[in-house]
Amino acid sequence: MAQQMGLPFLGRLPINTRLRFNSDAGDPSSNFTGDDALPSELEALAQNVAAQATVAAMQAEQAAPSLHVH
């Protein structure tokens with residue numbers, strides 16, 4: 001879809017029951033805790049989004065945005 005829209009691909013997340021459950025329960029921050037792969041996958045995706053936003057801001061000569069996950 002990103003290619004069709006001419007946008008950078010930001011990343012992918014595998015289907016994850018815990019991600020769906022926590023998000024539906026209104027507690028998406030719980031997805032960043034635990035001992036499975038989900039927290040690191042989300043962190044990598046968030047870092048990639050932040051990096052892409054920084055590149056876009058630099059190209060537009062704007063202040064770079066920041067992303068904080070708590």
# chains A, B, ... in the order shown; residues from 1 in each chain; ligands from 1
>>> residues_around(residues="segment 35-46 of chain A", least_positions_apart="4", cutoff="8 Å", atoms="only C-alpha atoms", output="PyMOL selection string")
chain A and resi 10-13+16+19+31+50+67
>>> write_last_selection(atoms="C-alpha atoms", output="PDB file, in the first residue's frame")
ATOM      1  CA  LEU A  10       7.230   2.343   8.016  1.00  0.00           C
ATOM      2  CA  GLY A  11       7.155  -1.273   9.153  1.00  0.00           C
ATOM      3  CA  ARG A  12       4.979  -4.227   9.957  1.00  0.00           C
ATOM      4  CA  LEU A  13       3.666  -5.949  13.034  1.00  0.00           C
ATOM      5  CA  ASN A  16      -0.715 -10.547  17.928  1.00  0.00           C
ATOM      6  CA  LEU A  19      -1.824  -6.352  21.010  1.00  0.00           C
ATOM      7  CA  ASN A  31       1.833  -3.732  24.743  1.00  0.00           C
ATOM      8  CA  ALA A  50      10.410   8.689  14.311  1.00  0.00           C
ATOM      9  CA  LEU A  67       8.494  10.595  19.869  1.00  0.00           C
TER      10      LEU A  67
END
>>> select_by_dssp(residues="segment 23-55 of chain A", states="alpha helix (DSSP H)", output="list in words")
Ser23, Asp24, Leu38, Pro39, Ser40, Glu41, Leu42, Glu43, Ala44, Leu45, Ala46, Gln47, Asn48, Val49, Ala50, Ala51, Gln52, Ala53, Thr54 and Val55 of chain A
>>> closest_residue(among="A:Met1, A:Leu7, A:Ile15, A:Val69", to="Gln52 of chain A", atoms="only C-alpha atoms")
A:Leu7
